[in-house]
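Undergrad: Pasting a structure here, questions to come.
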Amino acid sequence: MYNEFLLLITTYYFLNFAENILHKLAHSRKYGNILYRWHKYHHIIEFPPNELTKDIYPSTHKYENIFIYFAIVWWIFMYQYLEFYYFKILLSESILYMICIDRLHTYYHLNNSILERFKWFRKKKELHLLHHKKTYLNFNLYDFTSDILLQTYR
């Protein structure tokens with residue numbers, strides 16, 4: 001049971017740092033390449049600074065969520081090195097993590113989100129919308145541990 005707990009904790013913080021670094025890379029014109037072009041569309045076309053929330057989340061994005069390709073490469077790599085039992089734990093946790101941040105991100109950009117009644121959600125939404133105005137801050141979507149450690153929080 002100790003190994004499973006250790007795997008859950010390390011996977012969580014790996015995902016948290018990976019989310020931060022990939023999102024930061026998505027804001028780098030110099031290093032981001034396709035990730036930068038894809039994410040710029042989200043910030044400029046879908047949610048420009050004067051319209052950060054909408055009644056309906058737009059489905060006009062030219063690409064699917066490109067971050068999934070990084071996850072697939074990581075899963076292939078980890079599949080090679082972990083016993084299948086542990087790989088299933090890592091895979092399940094990382095899929096759940098990505099679904100949660102993707103759904104939260106969608107709700108952050110919606111007017112009258114179903115989560116709006118929760119104080120914790122309103123605070124995280126405020127931090128994310130600040131990210132859209134000051135793109136060098138708040139790269140994480142739920143847990144800002146990496147932002148705090150990398151000094152990009154608020």
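Chains: A, B, ... in order of the structure tokens. Residues: from 1 per chain. Ligands: from 1, in order shown.
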List every residue of chain A that DSSP, applied to the backbone, labels as alpha helix (DSSP H), and write the result as a PyMOL selection string.

TA: chain A and resi 2-25+33-41+67-81+84-108+119-133+145-149

Undergrad: With only C-alpha atoms as the basis for distance, which of A:Tyr31, A:Tyr107, A:Phe77, A:Phe17 is at the shortest distance from Asp147 (chain A)?

TA: A:Phe17

Undergrad: Compile the contact shell of Leu8 (chain A) as a ChimeraX atom specification: residues with an atom at most 8 Å away, counting only C-alpha atoms, same-chain residues fewer than 5 positions apart removed.

TA: /A:89-90,93

Undergrad: Please dump the current selection as a compact mmCIF listing (two decimals), in the first residue's frame; keep N, CA and C atoms.

TA:
# COMPACT_ATOMS: atom_id res chain seq x y z
N ILE A 89 -2.50 2.58 -12.23
CA ILE A 89 -2.74 3.62 -11.22
C ILE A 89 -2.33 4.97 -11.78
N LEU A 90 -1.13 5.05 -12.33
CA LEU A 90 -0.63 6.30 -12.92
C LEU A 90 -1.54 6.78 -14.04
N GLU A 93 -4.95 8.02 -12.59
CA GLU A 93 -4.81 9.30 -11.90
C GLU A 93 -4.58 10.44 -12.88

Undergrad: Tell me, as a compact mmCIF listing (two decimals) with N, CA and C atoms, in the first residue's frame, which residues lie within 10 Å of His128 (chain A), counting only C-alpha atoms; anything in the same chain fewer than 6 positions away does not count.

TA:
# COMPACT_ATOMS: atom_id res chain seq x y z
N LEU A 52 -13.71 37.58 -21.37
CA LEU A 52 -13.10 36.40 -20.76
C LEU A 52 -14.09 35.31 -20.39
N HIS A 105 -11.43 24.43 -16.33
CA HIS A 105 -11.07 25.49 -17.27
C HIS A 105 -12.30 25.94 -18.06
N TYR A 108 -14.46 28.00 -15.81
CA TYR A 108 -13.89 29.32 -15.53
C TYR A 108 -14.33 30.34 -16.57
N HIS A 109 -14.51 29.89 -17.79
CA HIS A 109 -14.84 30.80 -18.89
C HIS A 109 -16.35 30.93 -19.15
N ARG A 122 -14.87 30.35 -7.21
CA ARG A 122 -14.82 31.77 -7.60
C ARG A 122 -13.39 32.32 -7.47
N LYS A 134 -2.80 38.89 -17.47
CA LYS A 134 -1.36 38.91 -17.19
C LYS A 134 -0.85 37.50 -17.43
N THR A 135 -0.48 37.22 -18.66
CA THR A 135 -0.21 35.85 -19.09
C THR A 135 1.06 35.25 -18.50
N LEU A 137 1.37 34.93 -15.24
CA LEU A 137 0.95 34.50 -13.90
C LEU A 137 -0.03 33.34 -13.97
N ASN A 138 -0.10 32.59 -12.88
CA ASN A 138 -1.16 31.59 -12.64
C ASN A 138 -1.32 30.58 -13.79
N PHE A 139 -0.29 29.79 -14.03
CA PHE A 139 -0.33 28.82 -15.11
C PHE A 139 -1.12 27.57 -14.74
N ASN A 140 -1.17 27.22 -13.46
CA ASN A 140 -1.95 26.06 -13.05
C ASN A 140 -3.43 26.41 -13.01
N LEU A 141 -4.26 25.38 -13.10
CA LEU A 141 -5.71 25.61 -13.18
C LEU A 141 -6.44 25.27 -11.89
N TYR A 142 -5.88 24.45 -11.05
CA TYR A 142 -6.57 24.10 -9.81
C TYR A 142 -5.66 24.27 -8.60
N ARG A 154 -0.18 34.65 -8.66
CA ARG A 154 -0.89 35.92 -8.47
C ARG A 154 0.03 37.08 -8.62

Undergrad: Between CA of His132 (chain A) and CA of Lys54 (chain A), what is the spacing in Å?

TA: 14.1 Å

Undergrad: Please determine, counting only C-alpha atoms, which residue among A:Phe144, A:Leu129, A:Met98, A:Tyr153 has the shortest atom-to-atom distance to Pro49 (chain A).

TA: A:Leu129

Undergrad: For the atom pair CA of Cys100 (chain A) and CA of Phe84 (chain A), what is the interatomic distance in Å to one decimal place?

TA: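 Atom-to-atom, CA of Cys100 (chain A) and CA of Phe84 (chain A) are spaced 24.0 Å apart.
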
Undergrad: Identify which of the residues A:Asp143, A:Asn3, A:Glu19, A:Glu64 lies closest to Lys123 (chain A), counting only C-alpha atoms when measuring atom-to-atom distances.

TA: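 Of A:Asp143, A:Asn3, A:Glu19, A:Glu64, the one nearest Lys123 (chain A), counting only C-alpha atoms, is A:Asp143.
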
Undergrad: My list of candidates is A:Arg37, A:Phe14, A:Tyr79, A:Asn20. Which is closest to Ile148 (chain A) when distances are computed with only C-alpha atoms?

TA: A:Asn20

Undergrad: So, counting only C-alpha atoms, which residue among A:Ser92, A:Thr152, A:Thr145, A:Asn112 is closest to Ile56 (chain A)?

TA: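 Among A:Ser92, A:Thr152, A:Thr145, A:Asn112, it is A:Asn112 that comes nearest to Ile56 (chain A).
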